[in-house]
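Below is model-v2.cif, holding mmCIF, C-alpha atoms.
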```cif
data_upload
loop_
_atom_site.label_atom_id
_atom_site.label_comp_id
_atom_site.auth_asym_id
_atom_site.auth_seq_id
_atom_site.Cartn_x
_atom_site.Cartn_y
_atom_site.Cartn_z
CA MET A 13 0.07 -33.79 9.37
CA HIS A 14 -0.25 -31.27 6.55
CA ILE A 15 -2.79 -28.49 7.00
CA ASP A 16 -3.73 -26.28 4.05
CA ILE A 17 -4.29 -22.71 5.16
CA LYS A 18 -4.25 -20.57 1.98
CA GLN A 19 -4.86 -17.44 3.98
CA PRO A 20 -3.58 -13.99 3.04
CA ILE A 21 -1.11 -12.81 5.66
CA LEU A 22 -2.72 -9.37 5.70
CA GLN A 23 -6.23 -10.86 5.80
CA LYS A 24 -7.36 -8.87 8.85
CA ASN A 25 -6.23 -5.64 7.26
CA ASP A 26 -7.75 -6.53 3.87
CA GLN A 27 -11.14 -7.52 5.34
CA LEU A 28 -11.42 -4.29 7.28
CA ALA A 29 -10.31 -2.33 4.21
CA ALA A 30 -13.08 -3.99 2.18
CA GLU A 31 -15.64 -2.98 4.82
CA LEU A 32 -14.34 0.59 4.75
CA ARG A 33 -14.45 0.64 0.93
CA GLN A 34 -18.12 -0.35 1.07
CA ARG A 35 -18.85 2.36 3.66
CA PHE A 36 -17.13 4.97 1.51
CA ALA A 37 -19.07 3.85 -1.58
CA ASP A 38 -22.40 3.88 0.30
CA ASN A 39 -21.75 7.48 1.27
CA GLY A 40 -20.39 8.55 -2.13
CA VAL A 41 -17.04 9.53 -0.65
CA PHE A 42 -13.85 9.36 -2.71
CA VAL A 43 -10.83 8.40 -0.61
CA LEU A 44 -7.30 9.28 -1.69
CA ASP A 45 -4.26 7.67 -0.04
CA LEU A 46 -1.23 9.95 -0.54
CA LEU A 47 2.15 8.23 -0.43
CA ALA A 48 5.56 9.91 -0.42
CA SER A 49 8.79 10.30 1.49
CA PRO A 50 9.14 12.84 4.34
CA GLY A 51 9.61 16.38 3.06
CA SER A 52 8.28 15.77 -0.46
CA GLY A 53 5.42 18.21 0.04
CA LYS A 54 2.46 15.98 0.91
CA THR A 55 0.90 18.51 3.25
CA SER A 56 1.55 21.40 0.85
CA THR A 57 -0.04 19.41 -1.96
CA ILE A 58 -3.05 18.69 0.25
CA LEU A 59 -3.37 22.39 1.13
CA ALA A 60 -3.21 23.38 -2.54
CA THR A 61 -5.77 20.69 -3.37
CA ILE A 62 -8.17 21.82 -0.64
CA ASP A 63 -7.79 25.40 -1.80
CA ALA A 64 -8.78 24.48 -5.36
CA LEU A 65 -11.63 22.10 -4.53
CA ARG A 66 -13.22 23.43 -1.34
CA ASP A 67 -15.98 25.28 -3.21
CA GLU A 68 -17.15 22.15 -5.01
CA PHE A 69 -16.53 19.39 -2.44
CA ASN A 70 -16.67 18.83 1.30
CA ILE A 71 -13.19 17.62 2.19
CA ALA A 72 -11.63 16.04 5.28
CA VAL A 73 -8.05 14.96 5.90
CA ILE A 74 -6.63 12.03 7.87
CA GLU A 75 -3.04 12.71 8.86
CA GLY A 76 -0.73 9.79 9.58
CA ASP A 77 2.51 10.53 11.38
CA ILE A 78 4.73 8.66 13.78
CA ALA A 79 4.32 11.54 16.26
CA SER A 80 3.04 15.15 16.56
CA SER A 81 -0.06 16.90 15.26
CA VAL A 82 1.80 19.55 13.27
CA ASP A 83 0.23 18.53 9.95
CA ALA A 84 -3.33 18.28 11.27
CA GLU A 85 -2.96 21.77 12.77
CA ARG A 86 -1.85 23.15 9.39
CA ILE A 87 -4.92 21.65 7.72
CA LYS A 88 -7.33 22.75 10.47
CA ALA A 89 -5.93 26.28 10.23
CA GLN A 90 -7.39 26.31 6.70
CA GLY A 91 -10.82 25.43 8.08
CA THR A 92 -10.88 21.80 6.95
CA PRO A 93 -11.63 18.95 9.37
CA ALA A 94 -8.51 16.92 10.06
CA VAL A 95 -7.94 13.83 12.19
CA GLN A 96 -4.42 13.07 13.33
CA ILE A 97 -3.32 9.46 13.67
CA ASN A 98 -0.07 8.93 15.56
CA THR A 99 1.28 5.51 14.67
CA GLY A 100 3.72 5.62 17.59
CA GLY A 101 6.61 4.34 15.53
CA ALA A 102 4.80 2.23 12.94
CA CYS A 103 6.04 2.98 9.45
CA HIS A 104 2.68 2.87 7.64
CA LEU A 105 -1.07 3.22 8.20
CA GLU A 106 -3.32 0.16 8.49
CA SER A 107 -7.04 -0.09 7.93
CA ALA A 108 -7.83 -0.41 11.66
CA MET A 109 -6.28 3.05 12.19
CA ILE A 110 -8.32 4.47 9.31
CA LYS A 111 -11.50 2.99 10.76
CA ARG A 112 -10.93 4.77 14.07
CA ALA A 113 -10.34 8.05 12.24
CA VAL A 114 -13.35 7.59 9.95
CA ASP A 115 -15.61 6.91 12.93
CA VAL A 116 -15.17 10.50 14.11
CA LEU A 117 -15.86 12.00 10.64
CA ASP A 118 -19.29 12.82 9.27
CA LEU A 119 -19.13 10.56 6.20
CA GLU A 120 -22.59 11.46 4.94
CA ARG A 121 -21.55 15.07 4.55
CA LEU A 122 -18.20 14.39 2.88
CA ASP A 123 -17.21 14.08 -0.79
CA LEU A 124 -13.46 13.62 -0.49
CA ILE A 125 -11.18 12.24 2.21
CA ILE A 126 -7.45 12.69 1.72
CA ILE A 127 -5.27 10.32 3.77
CA GLU A 128 -1.71 11.53 4.25
CA ASN A 129 0.19 8.31 4.86
CA VAL A 130 3.37 8.13 6.93
CA GLY A 131 6.33 9.54 4.98
CA ASN A 132 7.91 6.36 3.63
CA LEU A 133 8.51 4.98 0.12
CA VAL A 134 8.40 1.31 1.12
CA CYS A 135 5.93 0.12 3.71
CA PRO A 136 2.60 1.79 2.84
CA THR A 137 2.68 0.04 -0.55
CA ASP A 138 1.26 -3.29 0.59
CA PHE A 139 -1.52 -2.02 2.87
CA ASP A 140 -5.03 -1.58 1.53
CA LEU A 141 -6.84 1.17 3.44
CA GLY A 142 -10.12 0.92 1.54
CA GLU A 143 -9.09 3.88 -0.61
CA ASN A 144 -10.30 4.56 -4.17
CA ALA A 145 -6.83 5.54 -5.32
CA LYS A 146 -3.28 5.60 -4.06
CA VAL A 147 -1.28 8.54 -5.42
CA THR A 148 2.50 8.75 -5.06
CA ILE A 149 4.26 12.11 -4.78
CA LEU A 150 7.92 12.47 -5.64
CA SER A 151 9.67 15.83 -5.34
CA VAL A 152 12.40 17.02 -7.70
CA PRO A 153 15.17 17.30 -5.04
CA GLU A 154 14.79 13.57 -4.26
CA GLY A 155 16.16 12.69 -7.70
CA ASP A 156 14.92 11.05 -10.90
CA ASP A 157 16.23 7.60 -9.94
CA LYS A 158 13.68 6.94 -7.18
CA PRO A 159 11.34 4.77 -9.33
CA LEU A 160 14.31 2.46 -9.92
CA LYS A 161 15.04 2.25 -6.20
CA TYR A 162 11.48 2.06 -4.89
CA PRO A 163 9.46 0.38 -7.64
CA GLY A 164 6.59 -0.77 -5.40
CA ILE A 165 5.38 2.68 -4.45
CA PHE A 166 5.21 3.77 -8.11
CA GLN A 167 3.54 0.52 -9.16
CA CYS A 168 0.66 0.67 -6.71
CA ALA A 169 -0.24 4.28 -7.62
CA GLN A 170 -3.18 5.31 -9.80
CA ALA A 171 -1.40 8.62 -10.45
CA VAL A 172 2.04 10.10 -9.79
CA VAL A 173 2.67 13.72 -8.78
CA LEU A 174 6.10 15.25 -9.39
CA ASN A 175 6.25 18.11 -6.90
CA LYS A 176 8.60 21.11 -6.53
CA ILE A 177 8.88 21.42 -10.30
CA ASP A 178 10.01 25.04 -9.75
CA THR A 179 13.31 23.73 -8.33
CA MET A 180 14.12 21.83 -11.56
CA PRO A 181 16.83 24.35 -12.64
CA VAL A 182 18.69 23.91 -9.34
CA PHE A 183 18.73 20.12 -9.22
CA ASN A 184 20.15 17.78 -11.79
CA PHE A 185 16.79 16.06 -12.42
CA ASP A 186 16.43 14.11 -15.67
CA ASN A 187 12.70 14.38 -16.35
CA GLU A 188 12.82 12.12 -19.41
CA ALA A 189 14.51 9.33 -17.43
CA PHE A 190 11.99 9.77 -14.62
CA VAL A 191 8.98 9.53 -16.93
CA GLU A 192 10.47 6.55 -18.73
CA SER A 193 11.07 4.57 -15.55
CA VAL A 194 7.60 5.37 -14.16
CA ARG A 195 6.05 4.34 -17.50
CA ALA A 196 7.86 0.99 -17.44
CA LEU A 197 6.62 0.30 -13.91
CA ASN A 198 3.14 1.67 -14.26
CA PRO A 199 2.10 2.27 -17.85
CA THR A 200 -1.37 3.68 -17.21
CA ALA A 201 -0.85 6.13 -14.33
CA PRO A 202 -0.88 9.80 -15.36
CA ILE A 203 2.08 11.90 -14.17
CA PHE A 204 1.38 15.42 -12.91
CA PRO A 205 4.41 17.71 -12.64
CA LEU A 206 3.53 20.69 -10.45
CA SER A 207 4.63 23.04 -7.73
CA ALA A 208 2.23 22.93 -4.79
CA THR A 209 3.61 26.11 -3.21
CA THR A 210 3.75 28.33 -6.33
CA GLY A 211 0.62 26.81 -7.86
CA GLN A 212 2.35 26.09 -11.17
CA TRP A 213 0.61 23.33 -13.18
CA VAL A 214 -1.61 22.46 -10.21
CA PRO A 215 -4.84 22.69 -12.31
CA ALA A 216 -4.12 19.50 -14.32
CA TRP A 217 -3.84 17.51 -11.08
CA ILE A 218 -7.00 19.16 -9.71
CA ASP A 219 -8.97 18.37 -12.90
CA TRP A 220 -7.98 14.70 -12.69
CA LEU A 221 -8.87 14.43 -9.00
CA ALA A 222 -12.16 16.31 -9.39
CA ASP A 223 -13.16 13.88 -12.20
CA GLN A 224 -12.43 10.93 -9.90
CA VAL A 225 -14.50 12.43 -7.07
CA ARG A 226 -17.43 13.21 -9.39
CA SER A 227 -17.43 9.69 -10.84
CA VAL A 228 -17.86 8.27 -7.32
CA GLN A 229 -20.65 10.73 -6.55
CA LYS A 230 -22.51 9.58 -9.68
CA GLY A 231 -22.28 6.04 -8.41
CA ILE A 232 -24.77 6.57 -5.55
CA MET B 9 9.90 -3.32 5.49
CA HIS B 10 7.90 -4.50 8.51
CA GLU B 11 8.71 -8.19 8.27
CA LEU B 12 8.47 -8.57 12.04
CA GLY B 13 4.90 -7.24 11.99
CA ILE B 14 4.00 -9.50 9.09
CA MET B 15 5.52 -12.50 10.80
CA THR B 16 3.67 -11.73 14.04
CA GLY B 17 0.43 -12.06 12.05
CA VAL B 18 1.67 -15.30 10.50
CA MET B 19 2.48 -16.77 13.92
CA GLU B 20 -0.99 -15.88 15.24
CA ALA B 21 -2.72 -17.53 12.28
CA VAL B 22 -0.43 -20.58 12.46
CA GLU B 23 -1.03 -20.99 16.17
CA THR B 24 -4.81 -20.74 15.74
CA SER B 25 -4.87 -23.37 12.98
CA ALA B 26 -2.50 -25.68 14.83
CA ARG B 27 -4.52 -25.52 18.05
CA GLN B 28 -7.77 -26.13 16.16
CA ALA B 29 -6.22 -29.28 14.74
CA GLY B 30 -5.14 -30.35 18.24
CA ALA B 31 -1.45 -30.23 17.30
CA THR B 32 1.31 -30.45 19.90
CA GLY B 33 3.89 -28.80 17.69
CA VAL B 34 4.41 -27.11 14.32
CA THR B 35 7.29 -28.43 12.20
CA ARG B 36 6.99 -26.35 9.05
CA VAL B 37 5.33 -23.13 7.89
CA THR B 38 5.09 -22.48 4.14
CA LEU B 39 4.46 -18.99 2.73
CA SER B 40 4.03 -17.63 -0.78
CA VAL B 41 5.53 -14.17 -1.24
CA GLY B 42 5.29 -12.26 -4.51
CA GLU B 43 8.43 -10.55 -5.73
CA MET B 44 6.40 -7.37 -6.31
CA THR B 45 5.70 -6.96 -2.59
CA GLU B 46 8.14 -5.15 -0.34
CA ALA B 47 8.74 -8.22 1.85
CA ILE B 48 12.28 -9.59 1.81
CA GLU B 49 12.94 -13.30 2.23
CA ASP B 50 15.98 -12.96 4.53
CA ALA B 51 14.16 -10.52 6.80
CA LEU B 52 11.15 -12.87 6.96
CA GLN B 53 13.45 -15.73 7.99
CA PHE B 54 15.10 -13.58 10.62
CA ALA B 55 11.75 -12.43 12.06
CA PHE B 56 10.53 -16.04 12.09
CA GLU B 57 13.60 -17.21 14.02
CA VAL B 58 13.15 -14.45 16.59
CA LEU B 59 9.44 -15.12 17.08
CA ARG B 60 9.59 -18.91 17.26
CA GLU B 61 11.86 -18.68 20.32
CA GLN B 62 8.97 -17.13 22.22
CA ASN B 63 6.43 -19.56 20.85
CA GLU B 64 6.20 -22.97 22.47
CA LEU B 65 4.15 -24.50 19.69
CA CYS B 66 6.48 -23.33 16.92
CA SER B 67 9.89 -23.57 18.64
CA ASP B 68 11.06 -26.37 16.30
CA ALA B 69 9.37 -25.10 13.15
CA GLU B 70 11.15 -24.34 9.88
CA LEU B 71 10.01 -21.57 7.55
CA GLN B 72 9.76 -22.17 3.83
CA VAL B 73 9.23 -19.07 1.69
CA ASN B 74 8.20 -19.67 -1.92
CA MET B 75 8.93 -16.49 -3.86
CA VAL B 76 6.43 -15.95 -6.69
CA LYS B 77 7.71 -14.49 -9.97
CA PRO B 78 5.49 -11.74 -11.39
CA ARG B 79 3.35 -12.63 -14.43
CA SER B 80 1.14 -10.28 -16.42
CA ARG B 81 -1.35 -10.52 -19.28
CA CYS B 82 -1.43 -8.07 -22.18
CA LEU B 83 -4.87 -6.46 -22.54
CA GLU B 84 -4.21 -5.74 -26.23
CA CYS B 85 -2.87 -9.00 -27.65
CA GLY B 86 -3.61 -11.40 -24.78
CA ALA B 87 -0.03 -12.61 -24.38
CA GLU B 88 0.94 -13.83 -20.90
CA PHE B 89 4.50 -13.21 -19.80
CA GLU B 90 6.86 -13.33 -16.84
CA HIS B 91 8.72 -10.16 -15.99
CA ASP B 92 10.90 -8.51 -13.35
CA ARG B 93 9.79 -5.87 -10.86
CA PHE B 94 10.53 -3.00 -13.19
CA HIS B 95 9.11 -3.84 -16.60
CA ARG B 96 5.50 -4.67 -17.17
CA PHE B 97 4.98 -3.81 -20.83
CA CYS B 98 4.11 -6.60 -23.25
CA PRO B 99 7.16 -8.22 -24.87
CA GLU B 100 5.01 -9.33 -27.85
CA CYS B 101 3.36 -6.07 -28.91
CA ASP B 102 5.04 -3.45 -26.65
CA SER B 103 1.66 -2.43 -25.23
CA PHE B 104 1.63 -0.70 -21.86
CA ALA B 105 -1.90 -1.92 -21.11
CA THR B 106 -1.22 -5.01 -19.04
CA GLU B 107 -2.71 -6.54 -15.93
CA LEU B 108 -0.79 -8.28 -13.20
CA LEU B 109 -1.80 -11.94 -12.75
CA CYS B 110 0.47 -12.79 -9.84
CA GLY B 111 3.47 -11.48 -7.97
CA ARG B 112 1.80 -9.54 -5.15
CA GLU B 113 1.06 -12.55 -2.92
CA LEU B 114 1.55 -12.48 0.82
CA GLN B 115 -0.03 -15.78 1.78
CA ILE B 116 0.25 -18.56 4.34
CA ASP B 117 0.01 -21.69 2.17
CA SER B 118 0.17 -24.51 4.69
CA ILE B 119 1.68 -25.83 7.90
CA GLU B 120 3.04 -29.22 8.96
CA VAL B 121 2.09 -30.21 12.51
CA ASP B 122 2.55 -33.06 14.98
CA ILE B 123 -0.73 -34.56 16.16
CA PRO B 124 -0.54 -36.81 19.26
CA ASP B 125 -3.10 -39.32 17.88
CA GLU B 126 -0.98 -39.87 14.78
CA GLU B 127 2.04 -40.72 16.91
CA ASP B 128 -0.02 -43.08 19.08
CA ALA B 129 -1.28 -44.80 15.97
CA LYS B 130 2.28 -45.34 14.77
CA GLU B 131 3.34 -47.00 18.01
#
```
Encoded form using structure tokens:
Amino acid sequence: MHIDIKQPILQKNDQLAAELRQRFADNGVFVLDLLASPGSGKTSTILATIDALRDEFNIAVIEGDIASSVDAERIKAQGTPAVQINTGGACHLESAMIKRAVDVLDLERLDLIIIENVGNLVCPTDFDLGENAKVTILSVPEGDDKPLKYPGIFQCAQAVVLNKIDTMPVFNFDNEAFVESVRALNPTAPIFPLSATTGQWVPAWIDWLADQVRSVQKGI
Amino acid sequence: MHELGIMTGVMEAVETSARQAGATGVTRVTLSVGEMTEAIEDALQFAFEVLREQNELCSDAELQVNMVKPRSRCLECGAEFEHDRFHRFCPECDSFATELLCGRELQIDSIEVDIPDEEDAKE
């Protein structure tokens, strides 16, 4: 006998993500899912972002790592609430993990939640976490060819950050080729070259993010 | 990527549907997988073969994966076009403003099952 199922494989994850999205909207919280490989500067970018926006917005961070609480400690040291999720080997975050983390945060008080996904350019792509935007960070030392090798992660992003721009003279990074391949994959996403640790060109990224957060606040 | 995790979810859903239908065995599982997802057909097959060994209901099942080619629509000129994973701009007017119509599917389409009543009826 033939049985039609027509059910999304990630249905459980997607349903929970939709519930989370509604909860975030009800509380006027903008949720950012940061995707990148290990060592690209996700935590440094988050620290620079918190530093620039802490006066205007109440921010919390959800840290996803396979193990350790090193990142959450770095964030907490700056006085920002941070929840560490240890995936225990899983290569990406799922919405059930986000729900557990969100349950311990004071959503009503918050304007912006930054989720630092597990360092990985493949797996987090297909998992909806209920976020408002996925943003992909690539760092200069990783090379300009990464959009060609990992198209999914650049396609799903609402914006792309090119970090460690200060190391451009040391590495053989073809910026034109990088921009061209990102454009072909994802024509509408803005690209923000910056250096999170020196602060160079960080303001353009901050302006974009602040606009996104404000537009969600207006919604409630 | 995490084909084993994906396939574990598939097996759970298949088993639930098959049991609801009163099936004694599953003979075929059909999935639609968009080429723009990070799921790889060979790895899905491998995960399926591993998992069905531990699954009484599905031990004789075959997996059919229908890969879905990405299609987009141009928001400027309205043209609809097929494309590869890397190029989404409109081939008609070169616009970058396009929306993806399909190619990100990860779906269980259908299953084929043995139902005892059917076999009795045949006899």
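Taking CA of Met15 in chain B as the reference point, CA of Ile21 in chain A is found at 8.4 Å.
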**Message:** Just want the 9 Å neighbourhood of range 79-89 of chain B, counted on all atoms listed in the file, with same-chain residues fewer than 3 positions away dropped. Output as a PyMOL selection string.
**Reply:** chain B and resi 76+92+96-101+103-111
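Among the candidate residues A:Thr137, A:Gln90, A:Asn129, A:Asn184, the one lying nearest to chain B is A:Thr137, with distances computed using all atoms listed in the file.
The space separating CA of Glu70 in chain B from CA of Asp122 in chain B comes to 13.3 Å.
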**Request:** Name every residue that the PyMOL selection byres ((chain B) within 10 of (chain A)) selects in this structure, writing the answer as number ranges by chain with chains first and numbers rising.
**Result:** B: 9-11, 13-19, 21-22, 25-26, 29, 31, 34-41, 43-47, 92-97, 103-106, 112-123, 126
**Prompt:** In terms of the shortest atom-to-atom distance over all atoms listed in the file, which of A:Glu85, A:Asp140, A:Glu154, A:Glu192 is closest to Met180 in chain A?
**Reply:** A:Glu154
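Distance check against Ala171 in chain A using all atoms listed in the file: of A:Asp45, A:Ala208, A:Ile97, A:Val214, the minimum falls on A:Asp45.
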**Request:** Determine the residue set returned by the PyMOL selection byres ((chain A and resi 203) around 8) for the present structure, and present it as a PyMOL selection string.
**Result:** chain A and resi 171-174+191+201-202+204-205
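Between CA of Glu75 in chain A and CA of Val95 in chain A the interatomic distance comes to 6.0 Å.
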**Message:** Using all atoms listed in the file - which residues lie no farther than 9 Å from the point (11.0, -16.5, 12.8) in the file's frame? Write them as a PyMOL selection string.
**Reply:** chain B and resi 12+15-16+19+52-61+69-71
**Message:** Can you spell out as an MDAnalysis selection string the set of residues that the PyMOL selection byres ((chain A and resi 211) around 12) selects in the structure I just provided?
**Reply:** chainID A and resid 56:57 59:61 63:64 175:178 205:210 212:218
**Prompt:** Within 6 Å of (0.7, -20.2, 18.6), only C-alpha atoms: residues as a PyMOL selection string?
**Reply:** chain B and resi 20+23+65
**Fill in**
Using all atoms listed in the file, the residue out of A:Gln34, A:Gln96, A:Thr55, A:Thr179 with shortest distance to Asp77 in chain A is A:Gln96
**Asked** Skipping near chain neighbours, those fewer than 4 positions away, what residues fall within 10 Å of Asp123 in chain A using only C-alpha atoms, listed as a ChimeraX atom specification?
**Response** /A:36,39-43,68-72,119,225-226,228-229
Since the input is missing atoms for range 69-85 of chain B, could you rebuild it with N, CA and C atoms and give the result as a JSON list (two decimals), keeping the file's coordinate frame?
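Ended up saving to out24.json:
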```json
[["chain", "number", "residue", "atom", "x", "y", "z"],
["B", 69, "ALA", "N", 9.87, -25.22, 14.53],
["B", 69, "ALA", "CA", 9.37, -25.10, 13.15],
["B", 69, "ALA", "C", 10.41, -24.50, 12.21],
["B", 70, "GLU", "N", 10.34, -24.93, 10.95],
["B", 70, "GLU", "CA", 11.15, -24.34, 9.88],
["B", 70, "GLU", "C", 10.23, -23.47, 9.02],
["B", 71, "LEU", "N", 10.80, -22.42, 8.45],
["B", 71, "LEU", "CA", 10.01, -21.57, 7.55],
["B", 71, "LEU", "C", 10.44, -21.82, 6.11],
["B", 72, "GLN", "N", 9.45, -22.07, 5.26],
["B", 72, "GLN", "CA", 9.76, -22.17, 3.83],
["B", 72, "GLN", "C", 9.05, -21.03, 3.12],
["B", 73, "VAL", "N", 9.82, -20.20, 2.42],
["B", 73, "VAL", "CA", 9.23, -19.07, 1.69],
["B", 73, "VAL", "C", 9.33, -19.37, 0.19],
["B", 74, "ASN", "N", 8.20, -19.50, -0.46],
["B", 74, "ASN", "CA", 8.20, -19.67, -1.92],
["B", 74, "ASN", "C", 7.99, -18.30, -2.57],
["B", 75, "MET", "N", 9.04, -17.78, -3.19],
["B", 75, "MET", "CA", 8.93, -16.49, -3.86],
["B", 75, "MET", "C", 8.20, -16.69, -5.19],
["B", 76, "VAL", "N", 7.23, -15.82, -5.47],
["B", 76, "VAL", "CA", 6.43, -15.95, -6.69],
["B", 76, "VAL", "C", 6.88, -14.91, -7.71],
["B", 77, "LYS", "N", 7.28, -15.39, -8.90],
["B", 77, "LYS", "CA", 7.71, -14.49, -9.97],
["B", 77, "LYS", "C", 6.49, -13.76, -10.56],
["B", 78, "PRO", "N", 6.62, -12.47, -10.82],
["B", 78, "PRO", "CA", 5.49, -11.74, -11.39],
["B", 78, "PRO", "C", 5.15, -12.22, -12.81],
["B", 79, "ARG", "N", 3.85, -12.32, -13.08],
["B", 79, "ARG", "CA", 3.35, -12.63, -14.43],
["B", 79, "ARG", "C", 2.25, -11.63, -14.76],
["B", 80, "SER", "N", 2.20, -11.20, -16.00],
["B", 80, "SER", "CA", 1.14, -10.28, -16.42],
["B", 80, "SER", "C", 0.52, -10.77, -17.72],
["B", 81, "ARG", "N", -0.67, -10.23, -18.01],
["B", 81, "ARG", "CA", -1.35, -10.52, -19.28],
["B", 81, "ARG", "C", -1.51, -9.20, -20.03],
["B", 82, "CYS", "N", -1.26, -9.26, -21.35],
["B", 82, "CYS", "CA", -1.43, -8.07, -22.18],
["B", 82, "CYS", "C", -2.91, -7.91, -22.51],
["B", 83, "LEU", "N", -3.45, -6.70, -22.28],
["B", 83, "LEU", "CA", -4.87, -6.46, -22.54],
["B", 83, "LEU", "C", -5.13, -6.21, -24.02],
["B", 84, "GLU", "N", -4.06, -5.99, -24.78],
["B", 84, "GLU", "CA", -4.21, -5.74, -26.23],
["B", 84, "GLU", "C", -4.14, -7.04, -27.02],
["B", 85, "CYS", "N", -3.06, -7.81, -26.82],
["B", 85, "CYS", "CA", -2.87, -9.00, -27.65],
["B", 85, "CYS", "C", -3.08, -10.30, -26.87]]
```
